[in-house]
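Dumped model_36.cif below, it's mmCIF, N, CA and C atoms:
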data_entry
loop_
_atom_site.label_atom_id
_atom_site.label_comp_id
_atom_site.auth_asym_id
_atom_site.auth_seq_id
_atom_site.Cartn_x
_atom_site.Cartn_y
_atom_site.Cartn_z
N MET A 1458 1.64 28.67 130.76
CA MET A 1458 2.65 27.66 130.52
C MET A 1458 4.01 28.23 130.91
N GLY A 1459 4.72 27.47 131.72
CA GLY A 1459 6.02 27.93 132.19
C GLY A 1459 7.17 27.44 131.35
N GLY A 1460 6.92 26.37 130.59
CA GLY A 1460 8.00 25.82 129.79
C GLY A 1460 7.52 24.71 128.89
N SER A 1461 8.44 24.21 128.09
CA SER A 1461 8.16 23.10 127.21
C SER A 1461 9.48 22.40 126.90
N TYR A 1462 9.39 21.31 126.15
CA TYR A 1462 10.60 20.60 125.77
C TYR A 1462 10.53 20.19 124.33
N ASN A 1463 11.67 20.01 123.74
CA ASN A 1463 11.80 19.47 122.39
C ASN A 1463 12.76 18.29 122.48
N TYR A 1464 12.21 17.11 122.25
CA TYR A 1464 13.02 15.90 122.31
C TYR A 1464 14.07 15.96 121.20
N PRO A 1465 15.31 15.59 121.44
CA PRO A 1465 15.80 14.80 122.55
C PRO A 1465 16.46 15.58 123.69
N ASN A 1466 16.76 16.86 123.50
CA ASN A 1466 17.60 17.48 124.52
C ASN A 1466 17.40 18.98 124.73
N LYS A 1467 16.22 19.51 124.47
CA LYS A 1467 16.00 20.94 124.65
C LYS A 1467 14.85 21.22 125.60
N VAL A 1468 15.09 22.16 126.51
CA VAL A 1468 14.06 22.64 127.41
C VAL A 1468 13.92 24.13 127.17
N ILE A 1469 12.69 24.60 127.07
CA ILE A 1469 12.41 26.02 126.85
C ILE A 1469 11.68 26.53 128.09
N LEU A 1470 12.19 27.62 128.68
CA LEU A 1470 11.59 28.21 129.87
C LEU A 1470 11.12 29.62 129.59
N SER A 1471 10.00 29.99 130.19
CA SER A 1471 9.52 31.36 130.12
C SER A 1471 10.30 32.21 131.12
N ILE A 1472 10.82 33.33 130.70
CA ILE A 1472 11.58 34.17 131.63
C ILE A 1472 10.68 34.86 132.65
N ASN A 1473 9.38 34.84 132.41
CA ASN A 1473 8.44 35.47 133.33
C ASN A 1473 7.94 34.54 134.43
N ASN A 1474 8.40 33.31 134.44
CA ASN A 1474 7.93 32.34 135.41
C ASN A 1474 8.79 32.39 136.67
N LYS A 1475 8.14 32.48 137.82
CA LYS A 1475 8.86 32.55 139.10
C LYS A 1475 9.31 31.17 139.58
N ASN A 1476 8.82 30.11 138.96
CA ASN A 1476 9.13 28.74 139.37
C ASN A 1476 9.99 28.02 138.35
N ASN A 1477 10.95 28.71 137.77
CA ASN A 1477 11.72 28.11 136.68
C ASN A 1477 12.45 26.83 137.07
N ILE A 1478 12.93 26.71 138.30
CA ILE A 1478 13.62 25.49 138.72
C ILE A 1478 12.65 24.31 138.67
N LYS A 1479 11.45 24.49 139.20
CA LYS A 1479 10.46 23.42 139.19
C LYS A 1479 10.01 23.12 137.77
N VAL A 1480 9.86 24.12 136.95
CA VAL A 1480 9.48 23.91 135.55
C VAL A 1480 10.60 23.16 134.83
N LEU A 1481 11.84 23.54 135.08
CA LEU A 1481 12.98 22.87 134.47
C LEU A 1481 13.00 21.39 134.83
N ILE A 1482 12.81 21.08 136.10
CA ILE A 1482 12.78 19.68 136.54
C ILE A 1482 11.62 18.94 135.88
N HIS A 1483 10.46 19.57 135.81
CA HIS A 1483 9.29 18.96 135.15
C HIS A 1483 9.62 18.60 133.69
N GLU A 1484 10.22 19.52 132.99
CA GLU A 1484 10.53 19.30 131.57
C GLU A 1484 11.63 18.25 131.40
N ILE A 1485 12.58 18.19 132.32
CA ILE A 1485 13.62 17.16 132.26
C ILE A 1485 13.01 15.77 132.45
N ILE A 1486 12.03 15.66 133.34
CA ILE A 1486 11.34 14.36 133.49
C ILE A 1486 10.63 14.00 132.19
N HIS A 1487 10.00 14.98 131.55
CA HIS A 1487 9.38 14.72 130.24
C HIS A 1487 10.41 14.15 129.27
N LEU A 1488 11.56 14.79 129.18
CA LEU A 1488 12.60 14.31 128.26
C LEU A 1488 13.05 12.90 128.62
N THR A 1489 13.15 12.63 129.92
CA THR A 1489 13.63 11.34 130.39
C THR A 1489 12.68 10.20 130.01
N ILE A 1490 11.39 10.44 130.07
CA ILE A 1490 10.43 9.37 129.79
C ILE A 1490 9.82 9.46 128.39
N HIS A 1491 10.28 10.39 127.59
CA HIS A 1491 9.69 10.63 126.27
C HIS A 1491 9.63 9.37 125.40
N SER A 1492 10.70 8.63 125.31
CA SER A 1492 10.71 7.46 124.42
C SER A 1492 9.71 6.40 124.86
N ILE A 1493 9.57 6.19 126.14
CA ILE A 1493 8.60 5.20 126.63
C ILE A 1493 7.17 5.71 126.46
N ILE A 1494 6.98 7.01 126.59
CA ILE A 1494 5.66 7.61 126.33
C ILE A 1494 5.26 7.37 124.88
N GLN A 1495 6.22 7.55 123.97
CA GLN A 1495 5.96 7.31 122.55
C GLN A 1495 5.68 5.83 122.28
N LYS A 1496 6.48 4.97 122.90
CA LYS A 1496 6.33 3.54 122.68
C LYS A 1496 4.93 3.05 123.07
N TYR A 1497 4.42 3.55 124.20
CA TYR A 1497 3.12 3.10 124.69
C TYR A 1497 1.98 4.04 124.32
N ASN A 1498 2.28 5.05 123.52
CA ASN A 1498 1.26 5.93 122.95
C ASN A 1498 0.36 6.57 124.02
N LEU A 1499 0.99 7.14 125.03
CA LEU A 1499 0.21 7.82 126.07
C LEU A 1499 -0.39 9.10 125.52
N LYS A 1500 -1.56 9.42 126.01
CA LYS A 1500 -2.22 10.67 125.64
C LYS A 1500 -1.57 11.82 126.41
N HIS A 1501 -1.80 13.03 125.93
CA HIS A 1501 -1.16 14.20 126.53
C HIS A 1501 -1.38 14.29 128.04
N TRP A 1502 -2.62 14.15 128.50
CA TRP A 1502 -2.90 14.33 129.92
C TRP A 1502 -2.38 13.16 130.75
N GLU A 1503 -2.28 11.99 130.15
CA GLU A 1503 -1.66 10.85 130.84
C GLU A 1503 -0.17 11.14 131.07
N LYS A 1504 0.44 11.71 130.08
CA LYS A 1504 1.86 12.08 130.17
C LYS A 1504 2.06 13.14 131.26
N GLU A 1505 1.22 14.16 131.26
CA GLU A 1505 1.35 15.23 132.26
C GLU A 1505 1.11 14.70 133.67
N ARG A 1506 0.10 13.87 133.83
CA ARG A 1506 -0.20 13.31 135.14
C ARG A 1506 0.94 12.43 135.62
N THR A 1507 1.50 11.63 134.73
CA THR A 1507 2.62 10.76 135.10
C THR A 1507 3.80 11.58 135.58
N VAL A 1508 4.15 12.63 134.87
CA VAL A 1508 5.27 13.49 135.29
C VAL A 1508 4.99 14.10 136.66
N ASP A 1509 3.78 14.60 136.86
CA ASP A 1509 3.44 15.20 138.16
C ASP A 1509 3.42 14.17 139.28
N LEU A 1510 2.95 12.96 138.99
CA LEU A 1510 2.97 11.91 140.00
C LEU A 1510 4.40 11.54 140.37
N ILE A 1511 5.28 11.47 139.40
CA ILE A 1511 6.69 11.18 139.69
C ILE A 1511 7.26 12.25 140.60
N LEU A 1512 7.08 13.50 140.22
CA LEU A 1512 7.69 14.60 140.97
C LEU A 1512 7.08 14.82 142.34
N ASN A 1513 5.84 14.40 142.53
CA ASN A 1513 5.18 14.55 143.83
C ASN A 1513 5.27 13.27 144.67
N SER A 1514 5.95 12.26 144.17
CA SER A 1514 6.06 10.99 144.89
C SER A 1514 7.02 11.09 146.07
N LYS A 1515 6.93 10.13 146.97
CA LYS A 1515 7.85 10.07 148.12
C LYS A 1515 9.29 9.98 147.67
N ASN A 1516 9.53 9.28 146.58
CA ASN A 1516 10.90 9.12 146.08
C ASN A 1516 11.54 10.45 145.67
N PHE A 1517 10.71 11.41 145.34
CA PHE A 1517 11.20 12.72 144.92
C PHE A 1517 10.81 13.83 145.91
N SER A 1518 10.44 13.44 147.11
CA SER A 1518 9.98 14.43 148.10
C SER A 1518 11.05 15.47 148.44
N PHE A 1519 12.31 15.12 148.27
CA PHE A 1519 13.40 16.06 148.54
C PHE A 1519 13.30 17.31 147.66
N LEU A 1520 12.59 17.21 146.54
CA LEU A 1520 12.43 18.36 145.64
C LEU A 1520 11.38 19.35 146.14
N LYS A 1521 10.49 18.89 147.03
CA LYS A 1521 9.39 19.73 147.51
C LYS A 1521 8.63 20.34 146.32
N TYR A 1522 8.32 19.50 145.37
CA TYR A 1522 7.71 19.94 144.11
C TYR A 1522 6.32 20.52 144.32
N ASN A 1523 5.38 19.74 144.81
CA ASN A 1523 4.04 20.20 145.18
C ASN A 1523 3.36 21.08 144.12
N ARG A 1524 3.37 20.62 142.91
CA ARG A 1524 2.67 21.33 141.82
C ARG A 1524 1.83 20.32 141.06
N TRP A 1525 0.62 20.72 140.74
CA TRP A 1525 -0.31 19.88 139.99
C TRP A 1525 -0.99 20.74 138.94
N GLN A 1526 -1.29 20.16 137.81
CA GLN A 1526 -2.06 20.87 136.78
C GLN A 1526 -3.51 20.95 137.25
N LYS A 1527 -4.23 21.89 136.73
CA LYS A 1527 -5.62 22.07 137.15
C LYS A 1527 -6.56 21.00 136.60
N ASP A 1528 -6.24 20.46 135.45
CA ASP A 1528 -7.16 19.52 134.81
C ASP A 1528 -6.37 18.46 134.06
N TYR A 1529 -6.61 17.21 134.39
CA TYR A 1529 -5.97 16.09 133.71
C TYR A 1529 -6.97 15.30 132.86
N ARG A 1530 -8.12 15.88 132.62
CA ARG A 1530 -9.18 15.26 131.81
C ARG A 1530 -9.60 13.89 132.37
N LYS A 1531 -9.58 13.80 133.70
CA LYS A 1531 -10.05 12.62 134.44
C LYS A 1531 -9.16 11.38 134.30
N CYS A 1532 -8.00 11.51 133.70
CA CYS A 1532 -7.13 10.34 133.58
C CYS A 1532 -6.58 9.91 134.93
N GLU A 1533 -6.63 10.79 135.93
CA GLU A 1533 -6.14 10.43 137.26
C GLU A 1533 -6.95 9.30 137.88
N VAL A 1534 -8.19 9.12 137.43
CA VAL A 1534 -9.07 8.07 137.96
C VAL A 1534 -8.43 6.69 137.74
N TYR A 1535 -7.88 6.44 136.57
CA TYR A 1535 -7.26 5.14 136.30
C TYR A 1535 -5.74 5.17 136.41
N LEU A 1536 -5.13 6.33 136.22
CA LEU A 1536 -3.68 6.41 136.23
C LEU A 1536 -3.08 6.35 137.64
N ASP A 1537 -3.70 7.03 138.59
CA ASP A 1537 -3.14 7.09 139.94
C ASP A 1537 -3.00 5.72 140.60
N PRO A 1538 -4.05 4.88 140.56
CA PRO A 1538 -3.89 3.55 141.17
C PRO A 1538 -2.78 2.73 140.50
N LEU A 1539 -2.69 2.82 139.19
CA LEU A 1539 -1.61 2.11 138.49
C LEU A 1539 -0.25 2.62 138.92
N PHE A 1540 -0.13 3.93 138.97
CA PHE A 1540 1.14 4.54 139.37
C PHE A 1540 1.52 4.08 140.78
N ASN A 1541 0.59 4.18 141.70
CA ASN A 1541 0.88 3.82 143.09
C ASN A 1541 1.25 2.34 143.25
N ASN A 1542 0.66 1.49 142.44
CA ASN A 1542 0.93 0.05 142.55
C ASN A 1542 2.12 -0.43 141.74
N LEU A 1543 2.44 0.26 140.65
CA LEU A 1543 3.42 -0.30 139.72
C LEU A 1543 4.63 0.55 139.38
N PHE A 1544 4.49 1.84 139.36
CA PHE A 1544 5.52 2.65 138.71
C PHE A 1544 6.94 2.38 139.21
N PHE A 1545 7.15 2.44 140.51
CA PHE A 1545 8.51 2.27 141.03
C PHE A 1545 8.92 0.81 141.14
N LYS A 1546 7.96 -0.11 141.07
CA LYS A 1546 8.27 -1.54 141.09
C LYS A 1546 8.59 -2.04 139.69
N SER A 1547 7.77 -1.60 138.73
CA SER A 1547 7.91 -2.06 137.35
C SER A 1547 7.38 -1.00 136.39
N PRO A 1548 8.20 -0.02 136.06
CA PRO A 1548 7.73 1.04 135.15
C PRO A 1548 7.17 0.50 133.83
N LYS A 1549 7.80 -0.53 133.31
CA LYS A 1549 7.32 -1.09 132.04
C LYS A 1549 5.89 -1.60 132.19
N ASP A 1550 5.60 -2.31 133.27
CA ASP A 1550 4.23 -2.79 133.50
C ASP A 1550 3.26 -1.63 133.69
N PHE A 1551 3.70 -0.60 134.38
CA PHE A 1551 2.87 0.59 134.55
C PHE A 1551 2.42 1.13 133.20
N PHE A 1552 3.38 1.37 132.31
CA PHE A 1552 3.05 1.95 131.01
C PHE A 1552 2.23 0.99 130.15
N LYS A 1553 2.51 -0.28 130.21
CA LYS A 1553 1.73 -1.26 129.44
C LYS A 1553 0.28 -1.30 129.90
N LYS A 1554 0.04 -1.23 131.19
CA LYS A 1554 -1.31 -1.36 131.74
C LYS A 1554 -2.20 -0.15 131.45
N ILE A 1555 -1.61 0.99 131.19
CA ILE A 1555 -2.41 2.20 130.95
C ILE A 1555 -3.40 1.97 129.81
N ARG A 1556 -2.93 1.39 128.73
CA ARG A 1556 -3.84 1.15 127.59
C ARG A 1556 -4.96 0.19 127.95
N GLU A 1557 -4.67 -0.76 128.83
CA GLU A 1557 -5.68 -1.75 129.21
C GLU A 1557 -6.81 -1.14 130.05
N VAL A 1558 -6.48 -0.17 130.89
CA VAL A 1558 -7.49 0.37 131.81
C VAL A 1558 -8.06 1.71 131.36
N ARG A 1559 -7.53 2.24 130.30
CA ARG A 1559 -7.98 3.55 129.81
C ARG A 1559 -9.48 3.54 129.58
N ALA A 1560 -10.14 4.56 130.06
CA ALA A 1560 -11.61 4.65 129.93
C ALA A 1560 -12.05 4.82 128.50
#
Represent the structure of the file as structure tokens.
Amino acid sequence: MGGSYNYPNKVILSINNKNNIKVLIHEIIHLTIHSIIQKYNLKHWEKERTVDLILNSKNFSFLKYNRWQKDYRKCEVYLDPLFNNLFFKSPKDFFKKIREVRA
């Protein structure tokens, strides 16, 4: 683990991590979407996959993020299509639909 966050405004980084800038950005995205994650009761791996999808999206390609977790507990099967179809068009609909399609 390279870092973590404490809502509403704290990011914790490991000093031994060589990718601290990318970890910092990852944790800031967590903080940014935390309230909506809570509102729609996303599971841990859904939250992690959503953050990674945001950072690896075309909209954020300037970051050259290119980092993925090793295991999302198969939530990518239903989350990725929703993200690709809805997230940047209607984030609220994206988060609402997750509960409907969750396996």
Next item on the list: Quote the spacing between atom C of Lys1500 in chain A and atom N of Glu1533 in chain A in Å to one decimal place.
Entry: 10.8 Å
Item checked: Distance query range 1480-1482 of chain A at most 8 Å, all atoms listed in the file, self and fewer than 3 positions along chain excluded, as a PyMOL selection string -> chain A and resi 1459-1461+1468-1470+1475-1477+1485-1488+1512
Checklist line | Residues matched by the PyMOL selection byres (((chain A and resi 1534-1543 and name CA) around 8) and name CA) as a PyMOL selection string | finding: chain A and resi 1503+1506-1507+1510+1531-1533+1544-1548+1550-1551+1554-1555+1558-1560
Note to self: Please expand the PyMOL selection byres ((chain A and resi 1523) around 6) into the concrete residues it hits in this file, giving the result as a list in words.
What the structure shows: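 Those residues are Leu1512, Asn1513, Lys1521, Tyr1522, Arg1524 and Trp1525 of chain A.
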Step by step, gather every atom of range 1533-1542 of chain A that the file lists, find the box along x, y and z that holds them, add 8 Å on each side, and finally give centre and edge lengths in Å to one decimal, as lines of an AutoDock Vina configuration file.
center_x = -3.5
center_y = 5.2
center_z = 139.6
size_x = 27.2
size_y = 27.2
size_z = 23.3
